[in-house]
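Structure file coords.pdb with PDB, C-alpha atoms, pLDDT in the B column:
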```
MODEL        1
ATOM      1  CA  MET A 235     -25.647  51.298 -26.279  1.00 51.00           C
ATOM      2  CA  ASP A 236     -27.453  51.609 -29.577  1.00 52.00           C
ATOM      3  CA  ASN A 237     -31.197  51.957 -30.037  1.00 53.00           C
ATOM      4  CA  SER A 238     -31.860  48.247 -30.764  1.00 54.00           C
ATOM      5  CA  GLU A 239     -30.179  47.167 -27.501  1.00 54.00           C
ATOM      6  CA  SER A 240     -32.208  49.649 -25.476  1.00 52.00           C
ATOM      7  CA  GLN A 241     -35.413  48.301 -27.028  1.00 56.00           C
ATOM      8  CA  GLN A 242     -34.410  44.671 -26.367  1.00 58.00           C
ATOM      9  CA  GLN A 243     -33.943  45.204 -22.612  1.00 62.00           C
ATOM     10  CA  PRO A 244     -37.587  46.053 -21.752  1.00 65.00           C
ATOM     11  CA  LEU A 245     -38.806  43.233 -24.023  1.00 62.00           C
ATOM     12  CA  ARG A 246     -36.546  40.725 -22.231  1.00 66.00           C
ATOM     13  CA  LYS A 247     -37.902  41.875 -18.856  1.00 68.00           C
ATOM     14  CA  ARG A 248     -41.471  41.445 -20.088  1.00 73.00           C
ATOM     15  CA  ILE A 249     -40.737  37.952 -21.378  1.00 81.00           C
ATOM     16  CA  ASP A 250     -39.103  37.046 -18.047  1.00 84.00           C
ATOM     17  CA  ALA A 251     -42.244  38.275 -16.288  1.00 86.00           C
ATOM     18  CA  ILE A 252     -44.390  36.099 -18.548  1.00 86.00           C
ATOM     19  CA  ASP A 253     -42.163  33.110 -17.761  1.00 85.00           C
ATOM     20  CA  ALA A 254     -42.543  33.750 -14.029  1.00 89.00           C
ATOM     21  CA  CYS A 255     -46.319  33.971 -14.393  1.00 89.00           C
ATOM     22  CA  LYS A 256     -46.314  30.755 -16.419  1.00 88.00           C
ATOM     23  CA  LEU A 257     -44.487  28.983 -13.572  1.00 89.00           C
ATOM     24  CA  ILE A 258     -47.052  30.214 -11.043  1.00 90.00           C
ATOM     25  CA  ALA A 259     -49.880  29.235 -13.387  1.00 89.00           C
ATOM     26  CA  ALA A 260     -48.379  25.756 -13.828  1.00 87.00           C
ATOM     27  CA  LEU A 261     -48.348  25.266 -10.063  1.00 88.00           C
ATOM     28  CA  PHE A 262     -51.979  26.347  -9.901  1.00 88.00           C
ATOM     29  CA  VAL A 263     -52.924  23.910 -12.686  1.00 85.00           C
ATOM     30  CA  VAL A 264     -51.316  21.075 -10.729  1.00 84.00           C
ATOM     31  CA  GLY A 265     -53.219  22.257  -7.650  1.00 84.00           C
ATOM     32  CA  ILE A 266     -56.514  22.291  -9.552  1.00 83.00           C
ATOM     33  CA  HIS A 267     -56.069  18.643 -10.485  1.00 80.00           C
ATOM     34  CA  THR A 268     -54.562  17.328  -7.247  1.00 81.00           C
ATOM     35  CA  ALA A 269     -56.389  19.302  -4.512  1.00 82.00           C
ATOM     36  CA  PRO A 270     -53.304  19.461  -2.256  1.00 83.00           C
ATOM     37  CA  LEU A 271     -55.003  21.360   0.590  1.00 85.00           C
ATOM     38  CA  ASP A 272     -58.083  19.143   0.706  1.00 81.00           C
ATOM     39  CA  SER A 273     -56.850  17.127   3.689  1.00 83.00           C
ATOM     40  CA  LEU A 274     -56.054  20.302   5.654  1.00 86.00           C
ATOM     41  CA  SER A 275     -59.039  22.456   4.794  1.00 87.00           C
ATOM     42  CA  GLU A 276     -61.649  21.861   2.118  1.00 86.00           C
ATOM     43  CA  SER A 277     -62.655  25.525   2.116  1.00 89.00           C
ATOM     44  CA  ALA A 278     -59.037  26.698   1.688  1.00 87.00           C
ATOM     45  CA  ASN A 279     -58.525  24.220  -1.149  1.00 85.00           C
ATOM     46  CA  PHE A 280     -61.769  25.325  -2.803  1.00 87.00           C
ATOM     47  CA  THR A 281     -60.974  29.019  -2.444  1.00 88.00           C
ATOM     48  CA  LEU A 282     -57.394  28.775  -3.695  1.00 86.00           C
ATOM     49  CA  PHE A 283     -57.666  26.099  -6.377  1.00 83.00           C
ATOM     50  CA  GLU A 284     -61.276  26.280  -7.542  1.00 81.00           C
ATOM     51  CA  CYS A 285     -61.690  30.080  -7.473  1.00 85.00           C
ATOM     52  CA  PHE A 286     -58.420  32.026  -7.613  1.00 83.00           C
ATOM     53  CA  SER A 287     -56.442  29.636  -9.781  1.00 85.00           C
ATOM     54  CA  ARG A 288     -58.890  29.681 -12.675  1.00 83.00           C
ATOM     55  CA  PHE A 289     -56.716  32.319 -14.368  1.00 87.00           C
ATOM     56  CA  ALA A 290     -54.108  29.667 -15.211  1.00 88.00           C
ATOM     57  CA  VAL A 291     -55.605  28.061 -18.321  1.00 84.00           C
ATOM     58  CA  PRO A 292     -56.709  31.315 -20.018  1.00 89.00           C
ATOM     59  CA  PHE A 293     -53.296  32.805 -19.180  1.00 90.00           C
ATOM     60  CA  TYR A 294     -51.526  29.873 -20.856  1.00 83.00           C
ATOM     61  CA  PHE A 295     -53.793  30.233 -23.865  1.00 84.00           C
ATOM     62  CA  ALA A 296     -53.056  33.949 -24.215  1.00 88.00           C
ATOM     63  CA  SER A 297     -49.312  33.695 -23.575  1.00 87.00           C
ATOM     64  CA  SER A 298     -48.950  30.774 -25.987  1.00 83.00           C
ATOM     65  CA  ALA A 299     -50.756  32.763 -28.658  1.00 83.00           C
ATOM     66  CA  PHE A 300     -48.486  35.752 -27.976  1.00 84.00           C
ATOM     67  CA  PHE A 301     -45.317  33.701 -28.487  1.00 82.00           C
ATOM     68  CA  PHE A 302     -46.717  31.706 -31.390  1.00 82.00           C
ATOM     69  CA  PHE A 303     -47.920  34.666 -33.472  1.00 82.00           C
ATOM     70  CA  ARG A 304     -45.087  37.026 -32.500  1.00 81.00           C
ATOM     71  CA  GLY A 305     -42.829  36.077 -35.389  1.00 77.00           C
ATOM     72  CA  GLY A 306     -45.545  35.699 -37.986  1.00 79.00           C
ATOM     73  CA  VAL A 307     -47.166  32.429 -38.961  1.00 79.00           C
ATOM     74  CA  ASP A 308     -47.082  30.373 -42.086  1.00 83.00           C
ATOM     75  CA  GLU A 309     -49.153  27.295 -42.822  1.00 87.00           C
ATOM     76  CA  LYS A 310     -46.254  24.887 -42.274  1.00 88.00           C
ATOM     77  CA  LYS A 311     -45.470  26.316 -38.837  1.00 85.00           C
ATOM     78  CA  LEU A 312     -49.140  26.151 -37.835  1.00 87.00           C
ATOM     79  CA  TRP A 313     -49.479  22.528 -38.980  1.00 90.00           C
ATOM     80  CA  HIS A 314     -46.302  21.541 -37.096  1.00 89.00           C
ATOM     81  CA  TYR A 315     -47.593  23.205 -33.913  1.00 85.00           C
ATOM     82  CA  GLU A 316     -51.042  21.592 -34.162  1.00 88.00           C
ATOM     83  CA  ARG A 317     -49.517  18.167 -34.779  1.00 93.00           C
ATOM     84  CA  ARG A 318     -47.142  18.513 -31.828  1.00 91.00           C
ATOM     85  CA  MET A 319     -49.951  19.631 -29.489  1.00 86.00           C
ATOM     86  CA  GLY A 320     -52.166  16.761 -30.665  1.00 90.00           C
ATOM     87  CA  ILE A 321     -49.443  14.189 -30.006  1.00 94.00           C
ATOM     88  CA  LEU A 322     -48.721  15.624 -26.543  1.00 89.00           C
ATOM     89  CA  TYR A 323     -52.422  15.710 -25.690  1.00 86.00           C
ATOM     90  CA  GLY A 324     -52.873  12.111 -26.832  1.00 89.00           C
ATOM     91  CA  ILE A 325     -49.898  10.866 -24.801  1.00 92.00           C
ATOM     92  CA  TRP A 326     -51.028  12.621 -21.633  1.00 85.00           C
ATOM     93  CA  PHE A 327     -54.596  11.422 -22.129  1.00 83.00           C
ATOM     94  CA  LEU A 328     -53.369   7.822 -22.322  1.00 88.00           C
ATOM     95  CA  ILE A 329     -51.342   8.330 -19.144  1.00 85.00           C
ATOM     96  CA  ALA A 330     -54.054  10.170 -17.215  1.00 80.00           C
ATOM     97  CA  PHE A 331     -57.103   8.136 -18.252  1.00 79.00           C
ATOM     98  CA  PRO A 332     -56.413   4.988 -16.212  1.00 83.00           C
ATOM     99  CA  VAL A 333     -55.411   6.987 -13.133  1.00 78.00           C
ATOM    100  CA  THR A 334     -58.410   9.302 -13.345  1.00 75.00           C
ATOM    101  CA  PHE A 335     -60.794   6.458 -14.044  1.00 76.00           C
ATOM    102  CA  ALA A 336     -59.533   4.410 -11.109  1.00 78.00           C
ATOM    103  CA  ARG A 337     -59.555   7.381  -8.753  1.00 73.00           C
ATOM    104  CA  LYS A 338     -62.837   9.050  -9.648  1.00 73.00           C
ATOM    105  CA  TYR A 339     -65.109   6.726 -11.573  1.00 73.00           C
ATOM    106  CA  TRP A 340     -64.482   3.100 -10.607  1.00 77.00           C
ATOM    107  CA  VAL A 341     -66.739   3.487  -7.580  1.00 77.00           C
ATOM    108  CA  LEU A 342     -69.654   4.290  -9.921  1.00 76.00           C
ATOM    109  CA  PHE A 343     -69.369   0.833 -11.472  1.00 79.00           C
ATOM    110  CA  THR A 344     -69.544  -0.811  -8.061  1.00 82.00           C
ATOM    111  CA  GLN A 345     -72.546   1.230  -6.863  1.00 84.00           C
ATOM    112  CA  HIS A 346     -74.732   1.658  -9.977  1.00 82.00           C
ATOM    113  CA  GLU A 347     -76.037  -0.367 -12.883  1.00 86.00           C
ATOM    114  CA  LEU A 348     -73.850  -0.361 -15.994  1.00 85.00           C
ATOM    115  CA  PRO A 349     -75.782   2.204 -18.112  1.00 86.00           C
ATOM    116  CA  VAL A 350     -75.897   4.723 -15.247  1.00 86.00           C
ATOM    117  CA  ALA A 351     -72.221   4.218 -14.461  1.00 83.00           C
ATOM    118  CA  VAL A 352     -71.184   4.612 -18.119  1.00 85.00           C
ATOM    119  CA  TRP A 353     -73.325   7.757 -18.508  1.00 86.00           C
ATOM    120  CA  ARG A 354     -71.880   9.388 -15.372  1.00 83.00           C
ATOM    121  CA  THR A 355     -68.333   8.491 -16.370  1.00 81.00           C
ATOM    122  CA  VAL A 356     -68.711   9.953 -19.885  1.00 83.00           C
ATOM    123  CA  ARG A 357     -70.432  13.042 -18.487  1.00 84.00           C
ATOM    124  CA  GLY A 358     -67.631  13.478 -15.954  1.00 79.00           C
ATOM    125  CA  PHE A 359     -64.892  13.199 -18.570  1.00 74.00           C
ATOM    126  CA  LEU A 360     -66.572  15.625 -20.934  1.00 77.00           C
ATOM    127  CA  PHE A 361     -67.871  18.272 -18.553  1.00 78.00           C
ATOM    128  CA  ALA A 362     -65.957  18.024 -15.256  1.00 71.00           C
ATOM    129  CA  SER A 363     -62.581  19.586 -14.578  1.00 56.00           C
TER     130      SER A 363
ENDMDL
END
```
Just dump the structure as structure tokens.
Amino acid sequence: MDNSESQQQPLRKRIDAIDACKLIAALFVVGIHTAPLDSLSESANFTLFECFSRFAVPFYFASSAFFFFRGGVDEKKLWHYERRMGILYGIWFLIAFPVTFARKYWVLFTQHELPVAVWRTVRGFLFAS
């Protein structure tokens, strides 16, 4: 085995470890947004998905940056990445908005006057998780 192969092996193991952590983080992100333990125990759901799982988003940010900048970056690659992320974000926003609105905010419009309901809905979308 030459020197380049021996250096590739530890790198591959580290990347596999990052992939495994990304899978765990993805499950935690789903848990943050769906509260799967809420019907069993609110305190367990809060502890697991509101406290411990908060590592998931910063981890994704850091690991994405690691893979993105690893090979060097040129302006064309950066623009392509930003465009792709913007399109994906826009698509998922269009899918999630009606579901989130119906689940979380529709009740505000039935219980409050229109300006109060609009304010609380906008505030919830901008500042709530």
Running the PyMOL selection byres ((chain A and resi 287) around 12) on this model by hand, what would come out? Give it as JSON, numbers by chain. {"A": [255, 258, 259, 260, 261, 262, 263, 264, 265, 266, 267, 269, 279, 280, 281, 282, 283, 284, 285, 286, 288, 289, 290, 291, 292, 293]}
Take the residues from that selection and put them in a file with C-alpha atoms, as a CSV table (one decimal), in the frame of the given file.
```csv
chain,number,residue,atom,x,y,z
A,255,CYS,CA,-46.3,34.0,-14.4
A,258,ILE,CA,-47.1,30.2,-11.0
A,259,ALA,CA,-49.9,29.2,-13.4
A,260,ALA,CA,-48.4,25.8,-13.8
A,261,LEU,CA,-48.3,25.3,-10.1
A,262,PHE,CA,-52.0,26.3,-9.9
A,263,VAL,CA,-52.9,23.9,-12.7
A,264,VAL,CA,-51.3,21.1,-10.7
A,265,GLY,CA,-53.2,22.3,-7.6
A,266,ILE,CA,-56.5,22.3,-9.6
A,267,HIS,CA,-56.1,18.6,-10.5
A,269,ALA,CA,-56.4,19.3,-4.5
A,279,ASN,CA,-58.5,24.2,-1.1
A,280,PHE,CA,-61.8,25.3,-2.8
A,281,THR,CA,-61.0,29.0,-2.4
A,282,LEU,CA,-57.4,28.8,-3.7
A,283,PHE,CA,-57.7,26.1,-6.4
A,284,GLU,CA,-61.3,26.3,-7.5
A,285,CYS,CA,-61.7,30.1,-7.5
A,286,PHE,CA,-58.4,32.0,-7.6
A,288,ARG,CA,-58.9,29.7,-12.7
A,289,PHE,CA,-56.7,32.3,-14.4
A,290,ALA,CA,-54.1,29.7,-15.2
A,291,VAL,CA,-55.6,28.1,-18.3
A,292,PRO,CA,-56.7,31.3,-20.0
A,293,PHE,CA,-53.3,32.8,-19.2
```
(request) Show which residues sit within 12 Å of Tyr339 (chain A), as a list of chain:residue names. Count only C-alpha atoms, and ignore same-chain residues fewer than 2 positions away. (result) A:Phe331, A:Pro332, A:Val333, A:Thr334, A:Phe335, A:Ala336, A:Arg337, A:Val341, A:Leu342, A:Phe343, A:Thr344, A:Gln345, A:His346, A:Val350, A:Ala351, A:Val352, A:Trp353, A:Arg354, A:Thr355, A:Val356, A:Arg357, A:Gly358, A:Phe359, A:Ala362
Exercise. Taking into account only C-alpha atoms, which residue in the set A:Met319, A:Asp253, A:Leu360, A:Pro349 is nearest to Phe301 (chain A)?
Worked result: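 Among A:Met319, A:Asp253, A:Leu360, A:Pro349, it is A:Asp253 that comes nearest to Phe301 (chain A).
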Expressed in Å, the length from CA of Lys256 (chain A) to CA of Phe295 (chain A) is 10.6 Å
Q | Separation of CA of Trp313 (chain A) from CA of Leu328 (chain A) in Å | A |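 Going from CA of Leu328 (chain A) over to CA of Trp313 (chain A), I get 22.6 Å.
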Quiz item: Can you tell me how far CA of Glu347 (chain A) sits from CA of Ile329 (chain A), in Å to one decimal?
Solution: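 Pair CA of Glu347 (chain A) / CA of Ile329 (chain A) returns 26.9 Å.
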